[in-house]
Structures are given as structure tokens and as C-alpha cells.
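Undergrad: I'm passing along model_32.txt; it holds compact mmCIF, C-alpha atoms.
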```
# COMPACT_ATOMS: atom_id res chain seq x y z
CA MET A 1 -21.28 0.81 9.02
CA SER A 2 -18.15 -0.79 7.58
CA SER A 3 -14.91 1.15 7.46
CA LEU A 4 -14.31 -0.50 4.08
CA GLN A 5 -17.31 1.03 2.32
CA SER A 6 -15.33 3.96 0.94
CA ILE A 7 -12.39 1.88 -0.35
CA HIS A 8 -12.14 1.42 -4.13
CA ILE A 9 -10.75 -1.96 -5.18
CA LEU A 10 -9.48 -3.12 -8.55
CA LEU A 11 -10.09 -6.88 -8.85
CA VAL A 12 -8.07 -8.54 -11.61
CA ASP A 13 -8.61 -12.21 -12.49
CA ASP A 14 -9.22 -13.98 -15.79
CA ASN A 15 -11.53 -16.50 -14.10
CA GLN A 16 -15.05 -15.12 -13.82
CA HIS A 17 -15.96 -17.52 -10.98
CA MET A 18 -12.94 -16.43 -8.95
CA ARG A 19 -13.87 -12.78 -9.48
CA ALA A 20 -17.43 -13.53 -8.33
CA ILE A 21 -16.21 -15.31 -5.17
CA THR A 22 -13.70 -12.58 -4.32
CA SER A 23 -16.22 -9.84 -5.03
CA ALA A 24 -18.79 -11.54 -2.78
CA ILE A 25 -16.22 -11.74 0.04
CA LEU A 26 -15.37 -8.06 -0.40
CA GLN A 27 -19.03 -7.01 -0.50
CA SER A 28 -19.81 -9.04 2.63
CA ALA A 29 -17.03 -7.09 4.38
CA GLY A 30 -18.67 -3.82 3.38
CA VAL A 31 -16.71 -2.91 0.24
CA ARG A 32 -19.05 -1.09 -2.15
CA LYS A 33 -16.72 0.05 -4.95
CA ILE A 34 -15.20 -2.87 -6.87
CA ARG A 35 -14.04 -2.71 -10.48
CA GLU A 36 -13.51 -6.11 -12.09
CA VAL A 37 -11.22 -6.68 -15.08
CA THR A 38 -9.94 -9.84 -16.75
CA ASP A 39 -6.16 -9.33 -17.08
CA GLY A 40 -3.21 -7.10 -16.28
CA SER A 41 -3.44 -4.99 -19.43
CA ALA A 42 -7.11 -4.17 -18.72
CA ALA A 43 -6.04 -3.35 -15.16
CA ILE A 44 -3.38 -0.90 -16.40
CA GLU A 45 -6.07 0.81 -18.50
CA ALA A 46 -8.40 0.94 -15.48
CA LEU A 47 -5.65 2.61 -13.43
CA ARG A 48 -5.29 5.31 -16.09
CA GLY A 49 -8.98 6.15 -15.85
CA ASP A 50 -9.74 5.85 -12.16
CA VAL A 51 -8.22 6.05 -8.68
CA PHE A 52 -8.02 2.84 -6.66
CA ASP A 53 -7.02 2.25 -3.06
CA LEU A 54 -6.04 -1.40 -3.54
CA ALA A 55 -5.59 -3.97 -6.30
CA ILE A 56 -6.21 -7.69 -5.87
CA VAL A 57 -4.64 -9.55 -8.79
CA ASP A 58 -4.29 -13.11 -9.98
CA PHE A 59 -0.81 -14.46 -10.67
CA ASN A 60 -1.57 -16.28 -13.96
CA MET A 61 -3.33 -14.26 -16.66
CA PHE A 62 -2.89 -13.68 -20.36
CA PRO A 63 -1.68 -11.51 -22.05
CA LEU A 64 -0.35 -9.63 -18.98
CA ASP A 65 0.01 -11.60 -15.74
CA GLY A 66 -0.08 -10.31 -12.18
CA VAL A 67 3.70 -10.15 -11.80
CA GLU A 68 4.15 -8.05 -14.96
CA PHE A 69 1.22 -5.87 -13.91
CA THR A 70 2.93 -5.27 -10.56
CA ARG A 71 6.25 -4.42 -12.24
CA LEU A 72 4.51 -1.90 -14.49
CA VAL A 73 2.64 -0.30 -11.59
CA ARG A 74 5.83 -0.01 -9.55
CA ASN A 75 8.34 0.97 -12.24
CA SER A 76 6.68 2.39 -15.35
CA PRO A 77 7.43 6.10 -15.82
CA ASP A 78 3.74 6.73 -16.59
CA SER A 79 2.40 4.74 -13.63
CA THR A 80 -0.45 6.62 -12.01
CA ASN A 81 0.19 5.17 -8.53
CA PRO A 82 3.48 3.29 -7.96
CA TYR A 83 2.58 2.98 -4.24
CA LEU A 84 -0.70 1.14 -4.90
CA PRO A 85 -1.11 -1.75 -2.43
CA ILE A 86 -1.23 -4.98 -4.46
CA ILE A 87 -2.45 -8.30 -3.07
CA MET A 88 -1.48 -11.25 -5.27
CA MET A 89 -3.75 -14.32 -5.43
CA THR A 90 -2.51 -17.63 -6.78
CA GLY A 91 -3.23 -21.31 -6.75
CA HIS A 92 0.52 -21.93 -6.91
CA SER A 93 2.29 -21.43 -3.60
CA GLU A 94 5.73 -22.68 -4.59
CA LYS A 95 8.49 -20.63 -3.00
CA SER A 96 9.76 -19.53 -6.42
CA ARG A 97 6.37 -17.97 -7.24
CA VAL A 98 6.14 -16.21 -3.90
CA VAL A 99 9.68 -14.85 -4.35
CA GLU A 100 8.93 -13.75 -7.93
CA ALA A 101 5.82 -11.86 -6.79
CA ARG A 102 7.63 -10.35 -3.80
CA ASP A 103 10.53 -9.22 -5.96
CA ALA A 104 8.13 -7.59 -8.44
CA GLY A 105 6.80 -5.44 -5.59
CA VAL A 106 3.65 -7.24 -4.45
CA THR A 107 2.49 -5.99 -1.06
CA GLU A 108 0.79 -9.18 0.19
CA PHE A 109 0.20 -12.71 -1.07
CA VAL A 110 -2.79 -15.04 -0.63
CA VAL A 111 -3.06 -18.66 -1.80
CA LYS A 112 -6.17 -20.05 -3.48
CA PRO A 113 -8.59 -21.37 -2.53
CA ILE A 114 -9.01 -18.03 -0.80
CA THR A 115 -10.98 -17.53 2.37
CA ALA A 116 -12.71 -14.42 3.64
CA LYS A 117 -10.36 -14.49 6.64
CA ALA A 118 -7.23 -14.57 4.45
CA ILE A 119 -8.39 -11.77 2.14
CA LEU A 120 -9.50 -9.53 5.01
CA GLU A 121 -6.27 -10.13 6.96
CA ARG A 122 -4.21 -9.08 3.92
CA MET A 123 -6.42 -6.04 3.36
CA ASN A 124 -6.07 -5.02 7.01
CA ALA A 125 -2.30 -5.43 6.73
CA VAL A 126 -1.98 -3.13 3.70
CA ILE A 127 -4.47 -0.55 4.99
CA TYR A 128 -3.71 -0.37 8.71
CA LYS A 129 -0.06 -1.50 8.83
CA PRO A 130 1.50 -0.36 5.56
CA ARG A 131 5.16 -1.20 5.10
CA PRO A 132 7.56 1.54 4.02
CA PHE A 133 8.64 1.52 0.38
CA VAL A 134 12.24 0.88 -0.65
CA LYS A 135 14.01 2.02 -3.80
CA THR A 136 17.27 0.41 -4.90
CA ASP A 137 18.92 -0.08 -8.28
CA GLY A 138 16.98 -3.30 -8.88
CA TYR A 139 13.84 -2.95 -6.79
CA PHE A 140 11.04 -0.57 -5.95
CA GLY A 141 8.23 -1.64 -3.67
CA PRO A 142 7.26 -2.45 -0.10
CA ASP A 143 10.12 -3.31 2.24
CA ARG A 144 10.54 -7.06 1.81
CA ARG A 145 11.80 -7.49 5.36
CA ARG A 146 8.90 -8.28 7.67
CA ASN A 147 10.75 -7.28 10.82
CA ALA A 148 13.30 -4.54 11.25
CA LEU A 149 15.93 -5.53 13.79
CA LYS A 150 16.56 -2.95 16.46
CA THR A 151 20.24 -3.91 16.39
CA PHE A 152 20.54 -3.36 12.62
CA LYS A 153 23.32 -0.89 11.89
CA GLY A 154 23.13 -1.16 8.03
CA PRO A 155 24.07 -1.18 5.22
CA TYR A 156 24.93 -4.86 5.69
CA ARG A 157 22.06 -7.25 6.27
CA ARG A 158 23.83 -10.48 7.16
CA SER A 159 26.64 -11.29 9.53
CA THR A 160 28.43 -12.93 6.58
CA ASP A 161 28.44 -9.72 4.49
CA ALA A 162 31.90 -8.27 4.01
CA GLY A 163 32.53 -5.30 6.25
CA THR A 164 30.37 -6.29 9.20
CA GLY A 165 33.32 -7.56 11.19
CA SER A 166 31.12 -10.17 12.80
CA SER A 167 31.98 -13.24 10.75
CA GLU A 168 35.33 -14.83 11.32
CA ALA A 169 35.15 -17.58 8.68
```
Show me the file's structure as C-alpha cells.
TA:
Amino acid sequence: MSSLQSIHILLVDDNQHMRAITSAILQSAGVRKIREVTDGSAAIEALRGDVFDLAIVDFNMFPLDGVEFTRLVRNSPDSTNPYLPIIMMTGHSEKSRVVEARDAGVTEFVVKPITAKAILERMNAVIYKPRPFVKTDGYFGPDRRRNALKTFKGPYRRSTDAGTGSSEA
């Protein structure tokens, strides 16, 4: 019996073939509850009517893309679950796209063509090793730092930040 059979996933992609492939991967891993929708606005509506444990969303969709969907989930005053784990899928792996998704509050990122291994690794990461959430003036979402340094004495992050006393430029 799969530990994933009770998880409820919202799958958001405007490409029907991509949804079918992703859904087949999820079902083969034991996921039984998958709701498929075609864009971010349909996904927002789905979130208002049901409870999901995880969303897997495409980057490029119309009228509401995956980045805007993520921003709304994280920051909208009427968001039903701002802590929802969101895995972003995209065929575009340029650094600017990854940074844009990360800065919107995406939890994990996977590049198309997807593999079962990649999807399941990201799912395991968000389920079994969730990152703490951070709220600042300009960001709300999972901590973007992958590793917390034991020597970190905050609030400064870099040795070049004013006030750390460790950069003698």
C-alpha cells in the first residue's frame, strides 16, 4: 500500500498530454486523488472548493500562469492555503525563470520533459522535508536558502553586507 494514496493533488497544465503523463506518473506511485485543471484561474477556483495537499503547476498558461497562481496562493488575503506546497513544471530552465518562480514562492521546480524520478523526488522533498516559511516585506513562501549555516548570526546574509564587520574592502 502506497503512502501517497491519501494525498490529494491539484494538477494544473494547459496541455492535456502533459496532464495525462503527469497523472499516469502520480497514479503509478499510488496517488489516487488527482484533480486536473487547465490554467491558474481554474486552479484558484478549485482551491476554493476543495482541500489539496500539493499543487503541481505548469509555468506557462493563459490567462493565469503558474507564477501568478503561486503569488495569489501565497499572498492573496482570501487564499485558502498560503502554505500549500507548489511544484512548478516548465520546459524553460533558464535561470531567470527559476528565480522568478522561486521568488513567487514556489516550493520545488522540475524541468520538462519530466521523469517519474524527478516528480517523486520533488514530492518527497515537500512532504517529508518541508522547508520553513519566511515572511518579509517583499516575500512570503518557503525559505529560499537550501542550507542554513550553523555559523549564521543574522540578520546579515553575506560577508559584504554592512554591519557584519567581516569585509574589509
Undergrad: Tell me which protein, DNA and RNA residues are within 9 Å of range 12-29 of chain A, counting only C-alpha atoms, leaving out same-chain ones fewer than 2 positions away, and put them as a PyMOL selection string.
TA: chain A and resi 2+4-5+10+31-40+42-43+55-62+66+89+114-116+119-120
Undergrad: Could you dump the residues just selected with C-alpha atoms as a PDB file, in the frame of the given file?
TA:
```pdb
ATOM      1  CA  SER A   2     -18.150  -0.790   7.580  1.00  0.00           C
ATOM      2  CA  LEU A   4     -14.310  -0.500   4.080  1.00  0.00           C
ATOM      3  CA  GLN A   5     -17.310   1.030   2.320  1.00  0.00           C
ATOM      4  CA  LEU A  10      -9.480  -3.120  -8.550  1.00  0.00           C
ATOM      5  CA  VAL A  31     -16.710  -2.910   0.240  1.00  0.00           C
ATOM      6  CA  ARG A  32     -19.050  -1.090  -2.150  1.00  0.00           C
ATOM      7  CA  LYS A  33     -16.720   0.050  -4.950  1.00  0.00           C
ATOM      8  CA  ILE A  34     -15.200  -2.870  -6.870  1.00  0.00           C
ATOM      9  CA  ARG A  35     -14.040  -2.710 -10.480  1.00  0.00           C
ATOM     10  CA  GLU A  36     -13.510  -6.110 -12.090  1.00  0.00           C
ATOM     11  CA  VAL A  37     -11.220  -6.680 -15.080  1.00  0.00           C
ATOM     12  CA  THR A  38      -9.940  -9.840 -16.750  1.00  0.00           C
ATOM     13  CA  ASP A  39      -6.160  -9.330 -17.080  1.00  0.00           C
ATOM     14  CA  GLY A  40      -3.210  -7.100 -16.280  1.00  0.00           C
ATOM     15  CA  ALA A  42      -7.110  -4.170 -18.720  1.00  0.00           C
ATOM     16  CA  ALA A  43      -6.040  -3.350 -15.160  1.00  0.00           C
ATOM     17  CA  ALA A  55      -5.590  -3.970  -6.300  1.00  0.00           C
ATOM     18  CA  ILE A  56      -6.210  -7.690  -5.870  1.00  0.00           C
ATOM     19  CA  VAL A  57      -4.640  -9.550  -8.790  1.00  0.00           C
ATOM     20  CA  ASP A  58      -4.290 -13.110  -9.980  1.00  0.00           C
ATOM     21  CA  PHE A  59      -0.810 -14.460 -10.670  1.00  0.00           C
ATOM     22  CA  ASN A  60      -1.570 -16.280 -13.960  1.00  0.00           C
ATOM     23  CA  MET A  61      -3.330 -14.260 -16.660  1.00  0.00           C
ATOM     24  CA  PHE A  62      -2.890 -13.680 -20.360  1.00  0.00           C
ATOM     25  CA  GLY A  66      -0.080 -10.310 -12.180  1.00  0.00           C
ATOM     26  CA  MET A  89      -3.750 -14.320  -5.430  1.00  0.00           C
ATOM     27  CA  ILE A 114      -9.010 -18.030  -0.800  1.00  0.00           C
ATOM     28  CA  THR A 115     -10.980 -17.530   2.370  1.00  0.00           C
ATOM     29  CA  ALA A 116     -12.710 -14.420   3.640  1.00  0.00           C
ATOM     30  CA  ILE A 119      -8.390 -11.770   2.140  1.00  0.00           C
ATOM     31  CA  LEU A 120      -9.500  -9.530   5.010  1.00  0.00           C
TER      32      LEU A 120
END
```
Undergrad: Using all atoms listed in the file for the distances, tell me which of A:Arg122, A:Ser3, A:Gly30, A:Ile44 is nearest to Thr80 in chain A.
TA: A:Ile44
Undergrad: Near Leu84 in chain A, counting all atoms listed in the file, which residues have an atom at most 8 Å away, once you skip same-chain residues fewer than 3 positions from it, shown as a short mmCIF file (atom, residue, chain, number, x, y, z; two decimals) with C-alpha atoms, keeping the file's coordinate frame?
TA:
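So the final result, stored in result-v2.cif, reads:
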```
data_model
loop_
_atom_site.label_atom_id
_atom_site.label_comp_id
_atom_site.auth_asym_id
_atom_site.auth_seq_id
_atom_site.Cartn_x
_atom_site.Cartn_y
_atom_site.Cartn_z
CA PHE A 52 -8.02 2.84 -6.66
CA ASP A 53 -7.02 2.25 -3.06
CA LEU A 54 -6.04 -1.40 -3.54
CA ALA A 55 -5.59 -3.97 -6.30
CA VAL A 73 2.64 -0.30 -11.59
CA ASN A 81 0.19 5.17 -8.53
#
```
Undergrad: Contacts of Val106 in chain A at 7 Å or less, counting only C-alpha atoms, minus same-chain residues fewer than 6 places along, as a PyMOL selection string?
TA: chain A and resi 70+86-88
Undergrad: Keeping only C-alpha atoms, write the selected residues to a file as a short mmCIF file (atom, residue, chain, number, x, y, z; two decimals), in the coordinates of the input.
TA:
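Output below, filename part-v3.cif:
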```
data_model
loop_
_atom_site.label_atom_id
_atom_site.label_comp_id
_atom_site.auth_asym_id
_atom_site.auth_seq_id
_atom_site.Cartn_x
_atom_site.Cartn_y
_atom_site.Cartn_z
CA THR A 70 2.93 -5.27 -10.56
CA ILE A 86 -1.23 -4.98 -4.46
CA ILE A 87 -2.45 -8.30 -3.07
CA MET A 88 -1.48 -11.25 -5.27
#
```
Undergrad: Can you pull out the residues contacting Arg102 in chain A? Cut-off 9 Å, using all atoms listed in the file, and skip same-chain residues under 5 positions away; I want them as an NGL selection string.
TA: :A and (67 or 97 or 107-109 or 141-142 or 144)
Undergrad: Specify the axis-aligned box that encloses all atoms of range 95-111 of chain A listed in the file after padding of 3 Å on each side, stating its centre and edge lengths in Å to one decimal as lines of an AutoDock Vina configuration file.
TA:
```
center_x = 3.7
center_y = -13.0
center_z = -4.1
size_x = 19.6
size_y = 21.2
size_z = 14.6
```
Undergrad: Which one of A:Thr90, A:Phe140, A:Arg131, A:Val126 sits closest to Val110 in chain A if you count only C-alpha atoms?
TA: A:Thr90
Undergrad: What is the distance, in Å and to one decimal place, between CA of Glu100 in chain A and CA of Pro82 in chain A?
TA: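 That distance, rounded to one decimal, is 17.9 Å.
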Undergrad: Rounded to one decimal, what separation in Å do you get between CA of Arg74 in chain A and CA of Lys95 in chain A?
TA: 21.8 Å
